[in-house]
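S.K.: upload29.txt is reproduced in full below (compact mmCIF, C-alpha atoms).
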# COMPACT_ATOMS: atom_id res chain seq x y z
CA MET A 1 64.54 96.06 -52.09
CA ARG A 2 63.29 95.12 -48.61
CA ALA A 3 59.98 93.94 -50.05
CA ASP A 4 61.84 91.72 -52.52
CA THR A 5 63.84 90.12 -49.72
CA GLU A 6 60.69 89.53 -47.67
CA HIS A 7 59.04 88.00 -50.71
CA THR A 8 62.01 85.72 -51.21
CA VAL A 9 62.04 84.65 -47.55
CA PHE A 10 58.33 83.93 -47.71
CA ALA A 11 58.70 81.99 -50.95
CA GLU A 12 61.51 79.90 -49.44
CA ARG A 13 59.35 79.03 -46.44
CA ALA A 14 56.46 78.17 -48.69
CA GLN A 15 58.77 76.00 -50.76
CA ARG A 16 59.86 74.08 -47.64
CA VAL A 17 56.23 73.52 -46.63
CA LEU A 18 55.27 72.38 -50.13
CA GLU A 19 58.23 70.01 -50.44
CA GLU A 20 57.42 68.59 -47.04
CA SER A 21 53.83 67.99 -48.14
CA VAL A 22 55.13 66.23 -51.27
CA SER A 23 57.24 63.92 -49.13
CA HIS A 24 54.12 63.03 -47.12
CA ILE A 25 52.12 61.79 -50.07
CA ASP A 26 50.72 58.42 -49.06
CA ALA A 27 51.73 55.06 -50.52
CA HIS A 28 48.39 54.49 -52.22
CA THR A 29 48.67 57.74 -54.20
CA ARG A 30 52.29 56.98 -55.08
CA SER A 31 51.25 53.57 -56.34
CA ARG A 32 48.50 55.07 -58.49
CA LEU A 33 50.89 57.63 -59.92
CA ASN A 34 53.30 54.82 -60.73
CA GLN A 35 50.52 52.94 -62.54
CA ALA A 36 49.64 56.09 -64.48
CA ARG A 37 53.28 56.44 -65.52
CA GLN A 38 53.45 52.82 -66.69
CA ALA A 39 50.26 53.34 -68.71
CA ALA A 40 51.79 56.41 -70.37
CA LEU A 41 54.97 54.50 -71.20
CA ALA A 42 52.93 51.65 -72.65
CA ALA A 43 51.12 54.19 -74.84
CA VAL A 44 54.46 55.26 -76.31
CA GLU A 45 55.45 51.69 -77.14
CA GLN A 46 52.07 50.49 -78.47
CA PRO A 47 51.72 52.69 -81.58
CA GLN A 48 55.17 51.59 -82.80
CA ARG A 49 54.23 47.93 -82.54
CA ALA A 50 50.78 48.39 -84.04
CA ALA A 51 51.91 50.76 -86.81
CA TRP A 52 52.39 47.99 -89.38
CA ARG A 53 48.88 46.57 -88.95
CA PRO A 54 46.85 49.20 -90.81
CA MET A 55 49.42 49.23 -93.62
CA LYS A 56 49.26 45.46 -93.98
CA LEU A 57 45.48 45.31 -93.84
CA MET A 58 44.99 48.21 -96.26
CA PRO A 59 44.70 46.14 -99.52
CA VAL A 60 42.31 43.66 -97.90
CA THR A 61 40.19 46.47 -96.49
CA GLY A 62 40.18 48.23 -99.86
CA ALA A 63 39.10 45.09 -101.71
CA LEU A 64 36.32 44.46 -99.20
CA ALA A 65 35.12 48.05 -99.49
CA ALA A 66 35.07 47.86 -103.32
CA PHE A 67 33.13 44.58 -103.17
CA ALA A 68 30.63 46.07 -100.74
CA VAL A 69 30.08 49.11 -103.01
CA ALA A 70 29.59 46.82 -106.05
CA VAL A 71 27.05 44.66 -104.20
CA LEU A 72 25.23 47.77 -103.01
CA LEU A 73 24.99 49.19 -106.54
CA VAL A 74 23.72 45.91 -108.01
CA PHE A 75 21.03 45.52 -105.37
CA GLN A 76 20.00 49.17 -105.54
CA HIS A 77 19.30 48.94 -109.30
CA GLY A 78 17.57 45.55 -109.07
CA GLY A 79 20.31 43.81 -111.00
CA GLN A 80 19.84 46.00 -114.07
CA VAL A 81 22.82 47.94 -115.17
CA LYS A 82 21.63 51.16 -116.75
CA THR A 83 23.69 52.92 -119.36
CA PRO A 84 23.28 56.62 -119.83
CA VAL A 85 21.16 57.46 -122.89
CA THR A 86 21.81 60.74 -124.57
CA GLU A 87 19.62 62.55 -127.09
CA GLY A 88 21.95 61.70 -129.95
CA SER A 89 22.04 58.01 -129.16
CA ALA A 90 18.23 57.92 -128.94
CA ASN A 91 18.00 59.42 -132.45
CA SER A 92 20.48 56.90 -133.81
CA LEU A 93 18.44 54.09 -132.29
CA GLU A 94 15.35 55.41 -134.11
CA VAL A 95 17.29 55.48 -137.38
CA LEU A 96 18.43 51.90 -136.80
CA ASP A 97 14.82 50.84 -136.17
CA LEU A 98 13.77 52.56 -139.37
CA LEU A 99 16.49 50.85 -141.39
CA ALA A 100 15.61 47.46 -139.93
CA ASP A 101 11.95 47.91 -140.75
CA ASP A 102 11.37 47.00 -144.46
CA GLU A 103 7.83 48.33 -144.50
CA ALA A 104 8.84 51.74 -143.26
CA MET A 105 11.63 51.93 -145.84
CA SER A 106 9.29 51.05 -148.74
CA LEU A 107 6.77 53.59 -147.45
CA MET A 108 9.49 56.24 -147.49
CA GLU A 109 10.57 55.31 -150.99
CA ASP A 110 7.00 55.14 -152.39
CA SER A 111 5.65 58.28 -150.79
CA ASP A 112 5.84 61.77 -152.07
CA ARG A 113 9.35 62.97 -151.42
CA SER A 114 8.41 66.56 -151.99
CA PHE A 115 6.09 66.42 -148.99
CA TYR A 116 8.94 65.33 -146.71
CA GLU A 117 11.28 67.94 -148.17
CA TRP A 118 8.65 70.60 -147.57
CA ALA A 119 8.15 69.36 -143.99
CA ALA A 120 11.88 69.41 -143.40
CA ASP A 121 12.17 72.96 -144.81
CA GLU A 122 9.29 74.07 -142.64
CA SER A 123 10.86 72.69 -139.49
CA ASP A 124 14.22 74.27 -140.40
CA GLY A 125 12.49 77.57 -141.07
CA ALA A 126 10.67 77.40 -137.71
CA ALA A 127 13.97 76.74 -135.94
CA ALA A 128 15.69 79.65 -137.73
CA ALA A 129 12.80 82.11 -137.17
CA PRO A 130 13.55 83.00 -133.51
CA ASP A 131 17.19 83.78 -134.40
CA SER A 132 16.16 86.09 -137.21
CA ALA A 133 13.49 87.68 -135.00
CA SER A 134 16.01 88.34 -132.27
CA ALA A 135 18.50 89.69 -134.84
CA SER A 136 15.94 92.10 -136.23
CA GLY A 137 14.64 93.07 -132.80
CA MET B 1 74.30 39.46 -106.24
CA LEU B 2 75.03 36.88 -103.61
CA SER B 3 76.65 39.42 -101.34
CA SER B 4 73.68 41.81 -101.66
CA VAL B 5 71.28 39.02 -100.74
CA TYR B 6 73.34 38.23 -97.69
CA ASN B 7 73.89 41.88 -96.83
CA MET B 8 70.25 42.95 -96.96
CA PRO B 9 68.87 41.04 -93.95
CA ALA B 10 71.91 42.01 -91.91
CA ALA B 11 71.39 45.70 -92.69
CA LEU B 12 67.67 45.50 -91.94
CA HIS B 13 68.40 43.64 -88.75
CA GLY B 14 70.86 46.35 -87.77
CA ASP B 15 68.26 49.07 -88.44
CA THR B 16 65.69 47.27 -86.33
CA LEU B 17 68.16 46.94 -83.48
CA LEU B 18 69.00 50.63 -83.75
CA ASN B 19 65.32 51.59 -83.71
CA ASP B 20 64.67 49.31 -80.74
CA THR B 21 67.59 50.82 -78.86
CA LYS B 22 66.37 54.34 -79.60
CA ALA B 23 62.83 53.47 -78.52
CA ALA B 24 64.11 51.87 -75.32
CA GLU B 25 66.27 54.93 -74.58
CA LYS B 26 63.32 57.24 -75.17
CA SER B 27 61.12 55.09 -72.96
CA ARG B 28 63.72 55.12 -70.17
CA ALA B 29 64.17 58.90 -70.45
CA LEU B 30 60.41 59.43 -70.32
CA ASN B 31 60.13 57.12 -67.32
CA ARG B 32 62.85 59.07 -65.50
CA PHE B 33 61.21 62.37 -66.34
CA LEU B 34 57.71 61.31 -65.26
CA ALA B 35 58.98 59.66 -62.07
CA GLY B 36 60.78 62.90 -61.24
CA ILE B 37 57.76 65.15 -61.56
CA GLU B 38 54.75 62.99 -60.72
CA LEU B 39 54.57 63.81 -57.00
CA LYS B 40 54.91 67.56 -57.48
CA ALA B 41 52.51 67.44 -60.42
CA PHE B 42 50.00 65.67 -58.20
CA LYS B 43 50.37 68.36 -55.52
CA ILE B 44 49.87 71.10 -58.11
CA ALA B 45 46.77 69.35 -59.49
CA GLN B 46 45.46 68.83 -55.97
CA ALA B 47 45.92 72.52 -55.16
CA GLY B 48 43.81 73.40 -58.19
CA LEU B 49 41.15 70.72 -57.86
CA ARG B 50 41.10 69.96 -54.11
CA HIS B 51 40.10 66.39 -54.87
CA GLN B 52 42.50 63.48 -54.75
CA ASP B 53 40.96 61.30 -57.48
CA ASP B 54 40.44 64.23 -59.84
CA ALA B 55 44.06 65.28 -59.27
CA LEU B 56 45.25 61.74 -60.05
CA ASP B 57 43.12 61.65 -63.19
CA ALA B 58 44.50 65.01 -64.32
CA VAL B 59 48.10 63.87 -63.83
CA GLN B 60 47.44 60.58 -65.60
CA ASP B 61 45.83 62.36 -68.58
CA ALA B 62 48.74 64.78 -68.79
CA MET B 63 51.25 61.90 -68.70
CA LEU B 64 49.41 60.05 -71.46
CA GLN B 65 49.12 63.10 -73.67
CA LEU B 66 52.76 64.00 -73.23
CA ALA B 67 53.80 60.43 -74.02
CA ARG B 68 51.57 60.17 -77.09
CA ALA B 69 52.08 63.59 -78.60
CA TYR B 70 55.39 64.97 -77.41
CA ALA B 71 57.67 62.03 -76.59
CA ASP B 72 59.72 62.79 -79.71
CA ARG B 73 60.37 66.38 -78.66
CA PRO B 74 63.67 67.26 -76.97
CA GLU B 75 63.75 66.32 -73.29
CA GLU B 76 64.28 69.90 -72.09
CA GLU B 77 60.87 70.80 -73.57
CA TRP B 78 59.02 68.07 -71.68
CA LYS B 79 58.63 69.86 -68.36
CA PRO B 80 56.96 73.07 -69.61
CA LEU B 81 54.87 71.04 -72.08
CA PHE B 82 53.76 68.64 -69.36
CA TYR B 83 52.71 71.45 -67.04
CA ARG B 84 50.89 73.19 -69.85
CA ILE B 85 48.91 70.04 -70.58
CA LEU B 86 48.27 69.52 -66.86
CA GLU B 87 47.02 73.07 -66.38
CA ASN B 88 44.65 72.75 -69.35
CA ARG B 89 43.36 69.51 -67.90
CA ILE B 90 42.85 71.09 -64.47
CA ARG B 91 40.95 73.97 -66.06
CA ASP B 92 38.75 71.56 -68.05
CA MET B 93 37.94 69.61 -64.91
CA GLN B 94 37.14 72.79 -62.98
CA ARG B 95 34.80 73.93 -65.76
CA ARG B 96 33.12 70.52 -65.94
CA ARG B 97 32.72 70.50 -62.19
CA THR B 98 31.09 73.94 -62.28
CA VAL B 99 28.64 72.84 -64.99
CA ARG B 100 27.90 69.57 -63.16
CA GLY B 101 27.33 71.52 -59.95
CA ARG B 102 24.82 73.78 -61.68
CA VAL B 103 22.97 70.83 -63.21
CA MET B 104 22.99 68.85 -59.98
CA SER B 105 21.62 71.79 -58.03
CA TRP B 106 18.49 71.63 -60.22
CA LEU B 107 17.95 67.93 -59.63
CA PRO B 108 16.00 66.78 -56.60
CA PHE B 109 17.68 64.27 -54.27
CA SER B 110 21.03 64.88 -55.94
CA ARG B 111 24.15 63.95 -54.04
CA GLY B 112 26.79 66.65 -53.82
CA GLU B 113 30.47 65.99 -54.32
CA ASP B 114 31.02 66.26 -50.60
CA ASP B 115 28.54 63.44 -49.99
CA GLU B 116 31.01 60.81 -51.14
CA GLU B 117 31.26 57.77 -48.97
CA ILE B 118 33.98 58.27 -46.44
CA ASP B 119 36.55 55.53 -46.08
CA PRO B 120 36.71 54.87 -42.32
CA ILE B 121 40.22 53.43 -42.56
CA ALA B 122 41.53 56.46 -44.39
CA GLN B 123 39.84 58.73 -41.87
CA ALA B 124 41.14 56.88 -38.81
CA PRO B 125 43.71 58.85 -36.83
CA SER B 126 47.27 57.62 -36.99
CA PRO B 127 48.21 55.52 -33.94
CA GLU B 128 51.53 57.35 -33.70
CA PRO B 129 51.34 60.56 -31.71
CA ALA B 130 52.46 63.43 -33.94
CA PRO B 131 55.40 65.39 -32.59
CA GLN B 132 55.02 69.14 -32.14
CA ALA B 133 57.16 70.03 -35.15
CA ARG B 134 55.20 67.74 -37.39
CA LEU B 135 51.95 69.17 -36.16
CA GLU B 136 53.11 72.68 -36.89
CA MET B 137 54.27 71.66 -40.34
CA SER B 138 50.94 69.97 -40.95
CA GLU B 139 49.10 73.12 -39.89
CA ALA B 140 51.30 75.22 -42.15
CA MET B 141 50.59 72.85 -45.04
CA THR B 142 46.85 73.01 -44.49
CA ALA B 143 46.93 76.80 -44.24
CA LEU B 144 49.09 77.16 -47.33
CA GLU B 145 46.99 74.75 -49.38
CA GLY B 146 43.83 76.58 -48.35
CA ALA B 147 45.33 79.95 -49.23
CA LEU B 148 46.61 78.62 -52.54
CA HIS B 149 43.16 77.39 -53.46
CA GLU B 150 41.75 80.86 -52.90
CA LEU B 151 44.22 82.42 -55.32
CA PRO B 152 43.19 83.13 -58.92
CA GLY B 153 44.18 80.19 -61.15
CA ARG B 154 46.98 81.99 -63.01
CA GLN B 155 48.57 83.28 -59.81
CA ARG B 156 48.42 79.84 -58.20
CA GLN B 157 49.93 78.28 -61.31
CA ALA B 158 52.78 80.80 -61.48
CA PHE B 159 53.51 80.43 -57.77
CA LEU B 160 53.53 76.61 -57.78
CA LEU B 161 55.54 76.26 -60.97
CA ARG B 162 58.16 78.70 -59.72
CA THR B 163 58.23 77.67 -56.06
CA LEU B 164 57.45 73.97 -55.99
CA GLU B 165 58.57 72.81 -59.42
CA GLY B 166 61.44 75.27 -59.60
CA LEU B 167 60.84 76.34 -63.20
CA ASP B 168 62.57 79.55 -64.23
CA VAL B 169 60.61 82.50 -65.60
CA ALA B 170 61.07 81.47 -69.25
CA GLN B 171 59.97 77.86 -68.62
CA THR B 172 57.00 79.06 -66.55
CA ALA B 173 56.00 81.41 -69.37
CA LEU B 174 56.13 78.48 -71.81
CA ALA B 175 54.10 76.28 -69.47
CA MET B 176 51.50 78.99 -68.89
CA GLY B 177 51.39 80.15 -72.51
CA CYS B 178 52.03 83.79 -71.63
CA SER B 179 54.88 86.33 -71.60
CA GLU B 180 57.66 86.35 -69.04
CA GLY B 181 56.40 89.73 -67.82
CA SER B 182 52.99 88.21 -67.08
CA VAL B 183 54.64 85.38 -65.14
CA LYS B 184 56.51 87.89 -62.99
CA THR B 185 53.31 89.83 -62.34
CA HIS B 186 51.27 86.70 -61.47
CA TYR B 187 54.03 85.42 -59.19
CA PHE B 188 54.47 88.76 -57.40
CA ARG B 189 50.73 89.11 -56.81
CA ALA B 190 50.50 85.51 -55.60
CA VAL B 191 53.25 86.01 -53.01
CA GLN B 192 51.67 89.29 -51.92
CA ALA B 193 48.23 87.70 -51.49
CA LEU B 194 49.62 84.69 -49.65
CA ARG B 195 51.61 86.87 -47.29
CA ILE B 196 48.48 88.86 -46.47
CA LYS B 197 46.50 85.67 -45.83
CA LEU B 198 49.12 83.69 -43.97
CA GLY B 199 51.37 86.31 -42.46
CA GLU B 200 54.97 85.27 -41.92
CA PHE B 201 54.13 81.68 -41.14
CA GLN B 202 56.92 79.79 -39.45
CA THR B 203 58.13 76.40 -40.57
Using structure tokens, write down the structure from this file.
M.R.:
Amino acid sequence: MRADTEHTVFAERAQRVLEESVSHIDAHTRSRLNQARQAALAAVEQPQRAAWRPMKLMPVTGALAAFAVAVLLVFQHGGQVKTPVTEGSANSLEVLDLLADDEAMSLMEDSDRSFYEWAADESDGAAAAPDSASASG
Amino acid sequence: MLSSVYNMPAALHGDTLLNDTKAAEKSRALNRFLAGIELKAFKIAQAGLRHQDDALDAVQDAMLQLARAYADRPEEEWKPLFYRILENRIRDMQRRRTVRGRVMSWLPFSRGEDDEEIDPIAQAPSPEPAPQARLEMSEAMTALEGALHELPGRQRQAFLLRTLEGLDVAQTALAMGCSEGSVKTHYFRAVQALRIKLGEFQT
């Protein structure tokens, strides 16, 4: 109990000394603290005033970004726009070439059809063989 | 239709006025709060950093962060939040100073922090002769500030927040980010250590 009282008395004295030292802070420091406070208050007001700007500039910025990406793509591919070519579309292009070519068509009609049928059967058989081998194995 | 056209700008105008009034009130409240604590906050920062410019920087950073991040929080939360930010800032600066000190010690011809140019005007003695009481108070201040600096950071923080800033145990715990029991322990140990160092100094 006595120790608590002594602690309290000491703390009160220390408090007086500290408060006295606060009252002796020089004018220059007070002025700088005041400036710091004004800067902090300005920081509170600034975001509210500037908040509309990003929202208003968003469409313009978006359009500019899209344009920049388009320009970049065009220049990267040397002005040629490539379309993806799949295996199926390549085959259909070959068929179109064949149909457009009269000579090739007449060759197909004149030639021995049985040979082509045999070749087709052979290729089908070769494709089916691994399946049957795996089924038997 | 006509009435809605005429009503709309009036309503919007009213909202803007209300928002402006709220913002102005908040700004005034924050100004009052910061003006009320800035001197004590500076003293607390100075006790931790023992450097006037660093202490000013720490207080300014804490003010800015509080204003930017916590201005919308209830006013009663500002004080513990502010001191929490300030203490983090003080700790960051102490760490940075330690690292800088280590690096500088490796460099040849490096200037220490104590080698700063001394302002002769600031160092000039006051023309007024100090009265005895003021001299004693000044000595007590110097002794207390020196003893405070030698305390572990958490003890110093607990002591200053409780004694100088007058925060209660719960607010101090919030500011220090620890339990109320820890605050009591830090504070008790701080007073004990200061009493051993300073004795029953008279003021």
S.K.: Contacts from chain B to chain A, 9 Å maximum, all atoms listed in the file: show me the residue list as a CSV table (one decimal) with C-alpha atoms, keeping the file's coordinate frame.
M.R.:
chain,number,residue,atom,x,y,z
B,23,ALA,CA,62.8,53.5,-78.5
B,24,ALA,CA,64.1,51.9,-75.3
B,27,SER,CA,61.1,55.1,-73.0
B,28,ARG,CA,63.7,55.1,-70.2
B,30,LEU,CA,60.4,59.4,-70.3
B,31,ASN,CA,60.1,57.1,-67.3
B,34,LEU,CA,57.7,61.3,-65.3
B,35,ALA,CA,59.0,59.7,-62.1
B,38,GLU,CA,54.8,63.0,-60.7
B,39,LEU,CA,54.6,63.8,-57.0
B,40,LYS,CA,54.9,67.6,-57.5
B,42,PHE,CA,50.0,65.7,-58.2
B,43,LYS,CA,50.4,68.4,-55.5
B,52,GLN,CA,42.5,63.5,-54.8
B,56,LEU,CA,45.2,61.7,-60.0
B,57,ASP,CA,43.1,61.6,-63.2
B,59,VAL,CA,48.1,63.9,-63.8
B,60,GLN,CA,47.4,60.6,-65.6
B,61,ASP,CA,45.8,62.4,-68.6
B,63,MET,CA,51.2,61.9,-68.7
B,64,LEU,CA,49.4,60.0,-71.5
B,65,GLN,CA,49.1,63.1,-73.7
B,66,LEU,CA,52.8,64.0,-73.2
B,67,ALA,CA,53.8,60.4,-74.0
B,68,ARG,CA,51.6,60.2,-77.1
B,69,ALA,CA,52.1,63.6,-78.6
B,71,ALA,CA,57.7,62.0,-76.6
B,137,MET,CA,54.3,71.7,-40.3
B,138,SER,CA,50.9,70.0,-41.0
B,140,ALA,CA,51.3,75.2,-42.2
B,141,MET,CA,50.6,72.8,-45.0
B,144,LEU,CA,49.1,77.2,-47.3
B,145,GLU,CA,47.0,74.8,-49.4
B,159,PHE,CA,53.5,80.4,-57.8
B,160,LEU,CA,53.5,76.6,-57.8
B,163,THR,CA,58.2,77.7,-56.1
B,164,LEU,CA,57.4,74.0,-56.0
B,188,PHE,CA,54.5,88.8,-57.4
B,191,VAL,CA,53.2,86.0,-53.0
B,192,GLN,CA,51.7,89.3,-51.9
B,194,LEU,CA,49.6,84.7,-49.6
B,195,ARG,CA,51.6,86.9,-47.3
B,200,GLU,CA,55.0,85.3,-41.9
B,201,PHE,CA,54.1,81.7,-41.1
B,202,GLN,CA,56.9,79.8,-39.4
B,203,THR,CA,58.1,76.4,-40.6
S.K.: Expressed in Å to a single decimal, how great is the separation between atom CA of Ile37 of chain B and atom CA of Glu165 of chain B?
M.R.: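 Those two atoms sit 8.0 Å apart.
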S.K.: For a test of reading the model, state the distance in Å between atom CA of Gly146 of chain B and atom CA of Val183 of chain B, rounded to one decimal.
M.R.: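 One can read the atom CA of Gly146 of chain B to atom CA of Val183 of chain B distance as 21.8 Å.
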S.K.: Please, what distance in Å, to one decimal, runs between atom CA of Thr172 of chain B and atom CA of Ala58 of chain B?
M.R.: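 Spanning atom CA of Thr172 of chain B to atom CA of Ala58 of chain B is a straight-line distance of 18.9 Å.
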S.K.: Any idea what's packed within 10 Å of Ala158 of chain B, counting only C-alpha atoms, ignoring anything in its chain fewer than 6 positions away? Could you give it as a PyMOL selection string?
M.R.: chain B and resi 164+167+169+172-173+175-176+182-191
S.K.: Please provide the set of residues having any atom within 10 Å of Glu87 of chain B, restricted to all atoms listed in the file, with same-chain residues fewer than 5 positions apart removed, written as a PyMOL selection string.
M.R.: chain B and resi 41+44-45+48+58-59+62+81-82+92-93+153-154+157+175-176
S.K.: Smallest atom-to-atom distance to Ile196 of chain B: which of B:Ala170, B:Leu151, B:Val103, B:Ala29, using only C-alpha atoms?
M.R.: B:Leu151
